[in-house]
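Visitor: For reference, the file query18.txt (compact mmCIF, C-alpha atoms) is included below:
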# COMPACT_ATOMS: atom_id res chain seq x y z
CA MET A 629 20.08 0.45 -17.54
CA ASN A 630 23.75 1.29 -17.88
CA VAL A 631 24.41 4.07 -15.37
CA ASP A 632 27.06 5.17 -12.94
CA PRO A 633 27.23 3.03 -9.74
CA ALA A 634 26.15 6.05 -7.65
CA MET A 635 22.97 6.48 -9.70
CA ARG A 636 22.45 2.72 -9.74
CA SER A 637 22.51 2.53 -5.95
CA ALA A 638 20.19 5.55 -5.72
CA ILE A 639 17.70 3.75 -8.00
CA ASP A 640 18.02 0.56 -5.98
CA ALA A 641 17.59 2.35 -2.65
CA LEU A 642 14.28 4.01 -3.55
CA HIS A 643 11.08 2.00 -3.41
CA TYR A 644 7.56 3.05 -4.32
CA GLU A 645 4.70 3.51 -1.92
CA ALA A 646 1.57 1.38 -2.11
CA SER A 647 -1.71 3.15 -2.78
CA VAL A 648 -5.17 2.05 -3.87
CA LYS A 649 -8.12 4.04 -5.16
CA VAL A 650 -11.63 2.68 -5.77
CA GLY A 651 -14.28 4.50 -7.83
CA LEU A 652 -17.91 3.59 -7.19
CA GLN A 653 -20.75 4.61 -9.51
CA PHE A 654 -24.23 4.95 -8.01
CA LYS A 655 -27.64 5.17 -9.65
CA ARG A 656 -28.44 8.37 -7.79
CA ARG A 657 -26.53 10.96 -5.76
CA PHE A 658 -27.93 9.89 -2.40
CA TRP A 659 -25.20 11.76 -0.49
CA GLU A 660 -26.62 15.00 -1.95
CA GLU A 661 -30.31 14.06 -2.02
CA ASP A 662 -30.48 12.35 1.40
CA GLU A 663 -27.55 13.77 3.40
CA SER A 664 -26.95 17.26 1.93
CA ILE A 665 -23.27 16.45 1.33
CA PHE A 666 -21.93 18.59 -1.52
CA GLY A 667 -18.29 17.72 -2.19
CA GLY A 668 -15.59 17.19 0.41
CA ILE A 669 -14.31 14.09 2.15
CA THR A 670 -15.41 11.72 4.89
CA TYR A 671 -12.38 10.38 6.75
CA THR A 672 -12.72 6.99 8.44
CA ASP A 673 -10.47 4.63 10.39
CA GLN A 674 -11.74 1.75 8.24
CA PRO A 675 -9.36 0.31 5.62
CA ILE A 676 -10.93 2.48 2.88
CA GLU A 677 -9.50 5.52 4.78
CA MET A 678 -11.83 7.99 3.08
CA ILE A 679 -14.85 8.62 0.89
CA GLY A 680 -14.52 11.51 -1.55
CA TYR A 681 -17.64 13.21 -2.92
CA PRO A 682 -17.72 14.94 -6.32
CA ASN A 683 -17.31 18.71 -6.04
CA ASP A 684 -19.39 19.42 -9.13
CA GLY A 685 -22.40 18.17 -11.11
CA PHE A 686 -24.65 18.58 -8.08
CA PHE A 687 -28.11 16.97 -8.46
CA SER A 688 -27.22 15.42 -11.80
CA HIS A 689 -28.55 11.96 -12.60
CA LYS A 690 -25.79 9.61 -11.42
CA GLY A 691 -22.61 10.02 -9.47
CA VAL A 692 -19.19 8.47 -8.83
CA LEU A 693 -17.65 8.46 -5.36
CA LEU A 694 -14.03 7.92 -4.46
CA GLY A 695 -14.88 4.83 -2.40
CA ALA A 696 -11.39 4.20 -1.01
CA TYR A 697 -8.03 5.98 -1.00
CA ALA A 698 -5.65 3.84 0.98
CA TYR A 699 -1.94 4.07 1.76
CA GLY A 700 0.41 1.95 3.84
CA ARG A 701 -0.81 -1.30 5.33
CA ASN A 702 -4.39 -0.77 4.10
CA ALA A 703 -3.10 -0.30 0.56
CA PHE A 704 -0.99 -3.48 0.75
CA GLU A 705 -4.02 -5.43 1.90
CA LEU A 706 -6.31 -4.03 -0.80
CA THR A 707 -3.61 -4.59 -3.45
CA SER A 708 -3.44 -8.25 -2.48
CA LEU A 709 -7.09 -8.72 -3.49
CA ALA A 710 -8.41 -9.21 -7.03
CA PRO A 711 -9.84 -5.95 -8.48
CA ALA A 712 -13.49 -7.07 -8.09
CA GLU A 713 -12.84 -7.97 -4.43
CA ARG A 714 -11.34 -4.52 -3.78
CA VAL A 715 -14.58 -2.99 -5.07
CA GLN A 716 -16.56 -5.36 -2.80
CA LYS A 717 -14.48 -4.32 0.25
CA ALA A 718 -15.01 -0.64 -0.58
CA LEU A 719 -18.75 -1.32 -0.76
CA GLU A 720 -18.82 -3.25 2.51
CA TYR A 721 -16.91 -0.64 4.50
CA GLY A 722 -18.57 2.34 2.82
CA ALA A 723 -22.04 0.89 3.51
CA ARG A 724 -21.30 1.24 7.24
CA ILE A 725 -21.29 4.99 6.68
CA HIS A 726 -23.84 5.21 3.86
CA PRO A 727 -26.32 2.29 3.99
CA GLN A 728 -27.67 3.51 0.61
CA TYR A 729 -24.58 1.89 -1.01
CA ARG A 730 -26.35 -1.48 -1.24
CA ALA A 731 -29.43 -0.38 -3.16
CA GLU A 732 -27.80 2.30 -5.31
CA PHE A 733 -24.50 0.69 -6.42
CA GLU A 734 -24.10 0.34 -10.16
CA SER A 735 -20.44 -0.39 -10.98
CA GLY A 736 -16.94 0.09 -9.65
CA VAL A 737 -13.28 0.09 -10.59
CA ALA A 738 -10.15 -0.31 -8.44
CA VAL A 739 -6.58 0.79 -9.11
CA ALA A 740 -3.69 -0.56 -7.02
CA TRP A 741 -0.53 1.26 -8.09
CA HIS A 742 1.81 -1.62 -7.31
CA ARG A 743 -0.09 -3.52 -10.03
CA VAL A 744 -0.11 -0.78 -12.68
CA PRO A 745 2.30 -2.34 -15.20
CA TRP A 746 4.10 0.85 -16.30
CA ALA A 747 4.58 2.19 -12.77
CA LEU A 748 4.66 -0.70 -10.27
CA GLY A 749 4.02 1.70 -7.41
CA CYS A 750 2.40 5.02 -6.52
CA SER A 751 5.28 7.36 -5.76
CA ALA A 752 8.82 7.34 -4.43
CA GLU A 753 9.01 6.91 -0.66
CA TRP A 754 11.90 9.17 0.34
CA THR A 755 13.13 9.51 3.89
CA ALA A 756 15.44 12.25 5.16
CA ALA A 757 18.31 9.72 5.34
CA LEU A 758 17.69 8.50 1.77
CA ARG A 759 17.58 12.09 0.48
CA GLU A 760 20.87 12.83 2.18
CA GLN A 761 22.56 9.79 0.71
CA HIS A 762 21.04 9.44 -2.76
CA TYR A 763 19.01 12.43 -3.97
CA ASP A 764 21.81 14.31 -5.76
CA ASN A 765 23.06 11.10 -7.38
CA LEU A 766 19.55 10.20 -8.59
CA CYS A 767 19.07 13.62 -10.19
CA ALA A 768 22.56 13.96 -11.67
CA LEU A 769 23.17 14.00 -15.44
CA ASP A 770 24.73 10.62 -16.10
CA GLY A 771 26.22 10.34 -19.59
CA ARG A 772 23.21 10.41 -21.93
CA ILE A 773 20.71 9.77 -19.11
CA VAL A 774 18.85 12.17 -16.86
CA LEU A 775 15.88 11.14 -14.76
CA ALA A 776 12.78 13.29 -14.32
CA GLY A 777 9.53 12.76 -12.46
CA GLU A 778 8.04 13.17 -9.02
CA HIS A 779 10.70 10.74 -7.74
CA ALA A 780 13.42 13.19 -8.85
CA SER A 781 11.86 16.14 -7.04
CA ARG A 782 11.41 17.44 -3.52
CA LEU A 783 7.63 17.21 -3.94
CA SER A 784 7.26 13.43 -4.07
CA SER A 785 3.97 12.06 -5.35
CA TRP A 786 2.68 15.42 -6.61
CA GLN A 787 2.24 16.36 -10.28
CA GLU A 788 3.86 19.68 -9.40
CA GLY A 789 6.99 17.78 -8.37
CA ALA A 790 7.00 15.93 -11.70
CA VAL A 791 6.62 19.17 -13.71
CA LEU A 792 9.32 21.00 -11.72
CA SER A 793 11.64 18.01 -12.14
CA ALA A 794 11.04 17.96 -15.90
CA LEU A 795 11.79 21.70 -16.20
CA ASP A 796 14.91 21.27 -14.08
CA ALA A 797 16.14 18.29 -16.12
CA ILE A 798 15.59 20.16 -19.41
CA ARG A 799 17.35 23.26 -18.06
CA ARG A 800 20.42 21.31 -17.00
CA LEU A 801 20.47 19.38 -20.28
CA HIS A 802 20.22 22.63 -22.24
CA GLU A 803 23.06 24.19 -20.25
CA ARG A 804 25.26 21.22 -20.91
CA VAL A 805 24.53 21.18 -24.64
CA LEU A 806 25.30 24.90 -24.91
CA ALA A 807 28.50 24.52 -22.87
CA ASN A 808 29.75 21.74 -25.15
CA ARG A 809 28.92 23.47 -28.44
CA MET B 1109 -47.09 -1.22 31.28
CA SER B 1110 -46.11 1.53 28.85
CA ARG B 1111 -43.48 2.78 31.33
CA LEU B 1112 -42.02 -0.74 31.57
CA LEU B 1113 -42.00 -0.96 27.79
CA ALA B 1114 -40.30 2.43 27.61
CA ALA B 1115 -37.66 1.33 30.14
CA GLY B 1116 -37.16 -1.88 28.19
CA LEU B 1117 -36.83 0.05 24.94
CA LEU B 1118 -34.31 2.38 26.51
CA ALA B 1119 -32.24 -0.60 27.65
CA VAL B 1120 -32.37 -2.11 24.16
CA LEU B 1121 -31.43 1.24 22.66
CA ALA B 1122 -28.55 1.67 25.05
CA ALA B 1123 -27.28 -1.81 24.23
CA ALA B 1124 -27.70 -1.16 20.51
CA LEU B 1125 -25.81 2.10 20.74
CA TRP B 1126 -23.01 0.82 22.89
CA ARG B 1127 -22.32 -2.62 21.42
CA PRO B 1128 -21.99 -1.81 17.70
CA LEU B 1129 -19.67 1.06 18.53
CA SER B 1130 -17.13 -1.11 20.30
CA HIS B 1131 -17.56 -3.88 17.73
CA ASP B 1132 -17.02 -1.51 14.81
CA ALA B 1133 -14.00 0.09 16.39
CA GLN B 1134 -12.37 -3.31 16.64
CA ALA B 1135 -13.38 -4.32 13.11
CA ALA B 1136 -12.13 -1.03 11.77
CA VAL B 1137 -8.49 -1.59 12.63
CA GLU B 1138 -8.54 -5.30 11.72
CA ALA B 1139 -9.58 -5.53 8.09
CA TRP B 1140 -9.33 -9.31 8.01
CA PRO B 1141 -10.00 -11.64 10.96
CA SER B 1142 -7.05 -12.95 12.94
CA PRO B 1143 -6.19 -16.60 12.38
CA ALA B 1144 -6.97 -18.99 15.20
CA TYR B 1145 -3.61 -20.77 15.06
CA PRO B 1146 -0.12 -19.26 14.96
CA GLN B 1147 0.99 -21.57 12.11
CA GLN B 1148 -1.61 -19.87 9.87
CA ARG B 1149 -0.10 -16.48 10.55
CA GLY B 1150 2.57 -16.76 7.85
CA GLU B 1151 0.04 -17.67 5.19
CA ARG B 1152 -2.31 -14.89 6.28
CA ILE B 1153 0.47 -12.30 6.04
CA TYR B 1154 1.40 -13.61 2.60
CA ARG B 1155 -2.23 -13.49 1.42
CA THR B 1156 -2.91 -10.01 2.76
CA ILE B 1157 0.40 -8.28 1.89
CA CYS B 1158 2.95 -10.14 -0.23
CA GLN B 1159 0.71 -11.62 -2.92
CA GLY B 1160 -0.23 -8.14 -4.09
CA CYS B 1161 3.09 -8.09 -5.95
CA HIS B 1162 4.51 -11.63 -5.77
CA MET B 1163 1.11 -13.01 -6.88
CA PRO B 1164 -1.09 -15.69 -5.25
CA ASP B 1165 1.01 -18.48 -6.78
CA GLY B 1166 4.35 -16.90 -5.78
CA LYS B 1167 5.42 -16.66 -9.44
CA GLY B 1168 6.08 -12.90 -9.41
CA ALA B 1169 5.13 -10.44 -12.15
CA THR B 1170 6.68 -8.16 -14.75
CA GLY B 1171 5.80 -4.60 -15.76
CA ALA B 1172 8.04 -1.52 -15.76
CA GLY B 1173 10.33 -3.76 -13.68
CA SER B 1174 9.92 -7.24 -12.22
CA TYR B 1175 8.70 -8.70 -8.98
CA PRO B 1176 10.83 -11.82 -8.51
CA ALA B 1177 9.24 -15.25 -8.28
CA LEU B 1178 9.39 -16.88 -4.86
CA ALA B 1179 8.33 -20.22 -6.33
CA GLY B 1180 11.41 -22.38 -6.75
CA ASN B 1181 13.74 -19.44 -6.05
CA PRO B 1182 17.15 -20.82 -4.95
CA ARG B 1183 17.86 -17.56 -3.07
CA LEU B 1184 15.47 -18.77 -0.38
CA ALA B 1185 17.88 -21.61 0.54
CA ALA B 1186 19.17 -19.64 3.53
CA ALA B 1187 16.39 -18.09 5.63
CA ALA B 1188 18.57 -15.07 6.44
CA TYR B 1189 18.27 -13.77 2.85
CA PRO B 1190 14.47 -13.37 2.75
CA LEU B 1191 14.49 -12.24 6.41
CA VAL B 1192 16.87 -9.37 5.60
CA ILE B 1193 14.84 -8.35 2.54
CA VAL B 1194 11.50 -8.39 4.38
CA LEU B 1195 13.06 -6.37 7.21
CA GLY B 1196 14.94 -3.79 5.19
CA GLY B 1197 13.50 -3.92 1.67
CA ARG B 1198 15.55 -4.12 -1.52
CA LYS B 1199 15.12 -2.24 -4.81
CA ALA B 1200 11.35 -2.01 -5.52
CA MET B 1201 10.50 -4.02 -2.41
CA PRO B 1202 9.49 -1.80 0.50
CA PRO B 1203 10.88 -2.56 3.98
CA PHE B 1204 8.44 -4.21 6.37
CA GLY B 1205 10.56 -3.98 9.52
CA ASP B 1206 8.26 -1.30 10.93
CA GLU B 1207 5.03 -2.96 9.75
CA LEU B 1208 5.59 -6.49 11.06
CA ASN B 1209 7.02 -7.76 14.33
CA ASP B 1210 9.78 -10.39 14.69
CA GLU B 1211 7.34 -13.28 14.98
CA GLU B 1212 5.36 -12.18 11.93
CA ILE B 1213 8.46 -11.79 9.77
CA ALA B 1214 9.70 -15.25 10.79
CA ALA B 1215 6.23 -16.67 10.09
CA VAL B 1216 5.91 -15.26 6.58
CA VAL B 1217 9.46 -16.30 5.65
CA ASN B 1218 8.73 -19.81 6.94
CA PHE B 1219 5.59 -19.81 4.81
CA ILE B 1220 7.32 -18.88 1.55
CA ARG B 1221 10.20 -21.31 2.23
CA SER B 1222 7.81 -24.24 2.68
CA ASN B 1223 5.33 -23.43 -0.10
CA PHE B 1224 5.37 -22.66 -3.85
CA ALA B 1225 7.52 -25.75 -4.55
CA ASN B 1226 10.01 -24.69 -1.86
CA CYS B 1227 10.65 -27.50 0.66
CA TYR B 1228 13.12 -26.07 3.18
CA THR B 1229 12.49 -27.69 6.55
CA ASP B 1230 14.54 -25.45 8.86
CA ARG B 1231 12.49 -22.69 10.47
CA ALA B 1232 13.35 -19.08 11.08
CA LYS B 1233 12.68 -17.98 14.67
CA ALA B 1234 11.62 -14.63 16.06
CA SER B 1235 15.01 -14.44 17.80
CA ASP B 1236 16.75 -14.70 14.38
CA VAL B 1237 14.77 -11.69 13.20
CA GLN B 1238 15.66 -9.81 16.36
CA SER B 1239 19.41 -10.33 15.83
CA LEU B 1240 19.15 -9.33 12.15
CA ARG B 1241 17.24 -6.19 13.15
CA GLN B 1242 20.07 -5.24 15.50
CA ALA B 1243 22.72 -6.00 12.87
CA LEU B 1244 20.88 -3.98 10.19
CA SER B 1245 20.36 -1.02 12.46
CA ALA B 1246 24.05 -1.11 13.51
CA SER B 1247 25.20 -1.19 9.86
CA SER B 1248 22.87 1.65 8.83
CA HIS B 1249 24.23 3.78 11.70
CA ALA B 1250 27.77 2.93 10.64
CA SER B 1251 27.12 4.17 7.08
CA GLU B 1252 25.62 7.48 8.24
Would it be possible to restate this file's structure as structure tokens?
Guide:
Amino acid sequence: MNVDPAMRSAIDALHYEASVKVGLQFKRRFWEEDESIFGGITYTDQPIEMIGYPNDGFFSHKGVLLGAYAYGRNAFELTSLAPAERVQKALEYGARIHPQYRAEFESGVAVAWHRVPWALGCSAEWTAALREQHYDNLCALDGRIVLAGEHASRLSSWQEGAVLSALDAIRRLHERVLANR
Amino acid sequence: MSRLLAAGLLAVLAAALWRPLSHDAQAAVEAWPSPAYPQQRGERIYRTICQGCHMPDGKGATGAGSYPALAGNPRLAAAAYPLVIVLGGRKAMPPFGDELNDEEIAAVVNFIRSNFANCYTDRAKASDVQSLRQALSASSHASE
């Protein structure tokens, strides 16, 4: 991409965080039927970091749990596994909390953001020092290019940041077009 | 007899309650078992962190951007180059200076420089990583 050196070094300075999510489908909603868990999250110090329970569809036939939501070192380690192995790890660790996992598991899917081809990472990992040095340069209008997304916002990794960034980019573009008319 | 059995059961229960707790707590922070020999450490770090992006065969990958191949990469000729990148990150590559200690960074760099068709025989040492850490931190303070 042909951009100003200041924007180039902002792009080069910013890397993306690792994150992994695993969805696990079960034949029955044992967390509701057996444990009276209706929505919410179980936090754990295991590498899966958490189990998320669906907040709706109570007592319906089947159910899908968020079987892992890892960041940092845990996410790197899960990313380094093949997708089927990530599902297996989520089952192994989750079964320590819910032994019903073994009998009720039906299917699973794992997403590791560093391996999602169009993103190659979960979200921009800003630090205060990086913001100071590069944020304005990353967001600046550069010739015919303006960047928008959560990475070009102060709400990294949130959809709200991406939407605000898009509105901001369009506003500045519009202003420039009107000024040059 | 039944009292003895009850006492025995209590002891078994106590053991069952106490042991798995300490075992699980240890297993919880260590997702994968530690290698028995230090020379396996570099490979283990590669297999549990680096290969997520650089791939199990070290050939890299391409998507919205590219993860460079380590296999046959001439930029690995001097150990300092991969050491600096692992420590401080570069472009899409996150820094691992806070995640890994000096010995671990030397070990993983030694692993990639002697595998994937790379045959460099000189070894990076933990002390090399330590000096680079100091140099990097001095230069980042200078630019602030």
Visitor: Between chain B and chain A, at 6 Å or less, what are the per-residue closest atom pairs and their distances in Å? Count all atoms listed in the file, order by chain and rising residue number, and return it as JSON lines.
Guide:
{"residue": "B:Ala1136", "atom": "CA", "partner": "A:Gln674", "partner_atom": "CA", "distance": 4.5}
{"residue": "B:Thr1156", "atom": "CA", "partner": "A:Glu705", "partner_atom": "CA", "distance": 4.8}
{"residue": "B:Ile1157", "atom": "CA", "partner": "A:Phe704", "partner_atom": "CA", "distance": 5.1}
{"residue": "B:Gln1159", "atom": "CA", "partner": "A:Ser708", "partner_atom": "CA", "distance": 5.4}
{"residue": "B:Gly1160", "atom": "CA", "partner": "A:Ser708", "partner_atom": "CA", "distance": 3.6}
{"residue": "B:Gly1171", "atom": "CA", "partner": "A:Pro745", "partner_atom": "CA", "distance": 4.2}
{"residue": "B:Ala1172", "atom": "CA", "partner": "A:Trp746", "partner_atom": "CA", "distance": 4.6}
{"residue": "B:Lys1199", "atom": "CA", "partner": "A:Asp640", "partner_atom": "CA", "distance": 4.2}
{"residue": "B:Ala1200", "atom": "CA", "partner": "A:His643", "partner_atom": "CA", "distance": 4.5}
{"residue": "B:Pro1202", "atom": "CA", "partner": "A:His643", "partner_atom": "CA", "distance": 5.7}
Visitor: Generate a file of the selected residues that holds C-alpha atoms, formatted as a short mmCIF file (atom, residue, chain, number, x, y, z; two decimals), keeping the file's coordinate frame.
Guide:
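Output file result.cif follows:
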data_model
loop_
_atom_site.label_atom_id
_atom_site.label_comp_id
_atom_site.auth_asym_id
_atom_site.auth_seq_id
_atom_site.Cartn_x
_atom_site.Cartn_y
_atom_site.Cartn_z
CA ALA B 1136 -12.13 -1.03 11.77
CA THR B 1156 -2.91 -10.01 2.76
CA ILE B 1157 0.40 -8.28 1.89
CA GLN B 1159 0.71 -11.62 -2.92
CA GLY B 1160 -0.23 -8.14 -4.09
CA GLY B 1171 5.80 -4.60 -15.76
CA ALA B 1172 8.04 -1.52 -15.76
CA LYS B 1199 15.12 -2.24 -4.81
CA ALA B 1200 11.35 -2.01 -5.52
CA PRO B 1202 9.49 -1.80 0.50
#
Visitor: Which residues are near Gly722 (chain A)? Cut-off 9 Å, only C-alpha atoms, ignore same chain within fewer than 6 positions. Put them as a compact mmCIF listing (two decimals) with C-alpha atoms, keeping the file's coordinate frame.
Guide:
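Listed below is the output, result-v5.txt:
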# COMPACT_ATOMS: atom_id res chain seq x y z
CA GLN A 674 -11.74 1.75 8.24
CA ILE A 676 -10.93 2.48 2.88
CA MET A 678 -11.83 7.99 3.08
CA ILE A 679 -14.85 8.62 0.89
CA GLY A 695 -14.88 4.83 -2.40
CA ALA A 696 -11.39 4.20 -1.01
CA TYR A 729 -24.58 1.89 -1.01
Visitor: Mind running region 707-735 of chain A against region 652-666 of chain A at 6 Å and telling me each contacting residue's nearest atom pair with the distance in Å (one decimal), counting only C-alpha atoms, chain and number ascending, as a Markdown table?
Guide:
| residue | atom | partner | partner_atom | distance |
| --- | --- | --- | --- | --- |
| A:Glu732 | CA | A:Phe654 | CA | 5.2 |
| A:Phe733 | CA | A:Phe654 | CA | 4.6 |
| A:Glu734 | CA | A:Phe654 | CA | 5.1 |
| A:Ser735 | CA | A:Gln653 | CA | 5.2 |
Visitor: Those residues you just picked out, can you put them in a file as a JSON list (two decimals), in the coordinates of the input with C-alpha atoms?
Guide:
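Heads up, here's the output in result_24.json:
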[["chain", "number", "residue", "atom", "x", "y", "z"],
["A", 732, "GLU", "CA", -27.80, 2.30, -5.31],
["A", 733, "PHE", "CA", -24.50, 0.69, -6.42],
["A", 734, "GLU", "CA", -24.10, 0.34, -10.16],
["A", 735, "SER", "CA", -20.44, -0.39, -10.98]]
Visitor: Taking (19.0, 7.4, -10.8) in the file's coordinates, which residues come within 10 Å, counting all atoms listed in the file, written as a list in words?
Guide: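 Here the neighbourhood of the point contains Met629, Val631, Asp632, Pro633, Ala634, Met635, Arg636, Ser637, Ala638, Ile639, Asp640, Ala641, Leu642, His762, Tyr763, Asp764, Asn765, Leu766, Cys767, Ala768, Leu769, Asp770, Ile773, Val774, Leu775, Ala776, His779 and Ala780 of chain A.
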Visitor: Please, what is the axis-aligned box for every listed atom of region 1165-1177 of chain B with 3 Å on each side, as centre and edge lengths in Å to one decimal, as JSON?
Guide:
{"center_x": 5.9, "center_y": -10.0, "center_z": -10.8, "size_x": 15.8, "size_y": 23.0, "size_z": 16.0}
Visitor: Work out how far CA of Val739 (chain A) is from CA of Gly789 (chain A), in Å to one decimal.
Guide: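 Distance between the two atoms: 21.8 Å.
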Visitor: May I have the residues within 8 Å of region 1236-1246 of chain B as a PyMOL selection string, using all atoms listed in the file and disregarding those fewer than 5 positions away in the same chain?
Guide: chain B and resi 1191-1192+1195-1196+1205+1210-1211+1213-1214
Visitor: Give the answer as one residue: which of B:Pro1203, B:Ser1248, B:Met1163, B:Ala1187 has the shortest atom-to-atom distance to Tyr1228 (chain B), using all atoms listed in the file?
Guide: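 Closest to Tyr1228 (chain B) of all the choices is B:Ala1187.
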Visitor: Hey, what's within 8 Å of Lys1167 (chain B) if we count all atoms listed in the file and toss same-chain stuff fewer than 4 positions away? As an MDAnalysis selection string, please?
Guide: chainID B and resid 1162:1163 1176:1179
Visitor: Can you tell me how far CA of Ala794 (chain A) sits from CA of Cys1161 (chain B), in Å to one decimal?
Guide: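 Between CA of Ala794 (chain A) and CA of Cys1161 (chain B) the gap works out to 29.0 Å.
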Visitor: Rounded to one decimal, what separation in Å do you get between CA of Trp786 (chain A) and CA of Leu719 (chain A)?
Guide: 27.8 Å
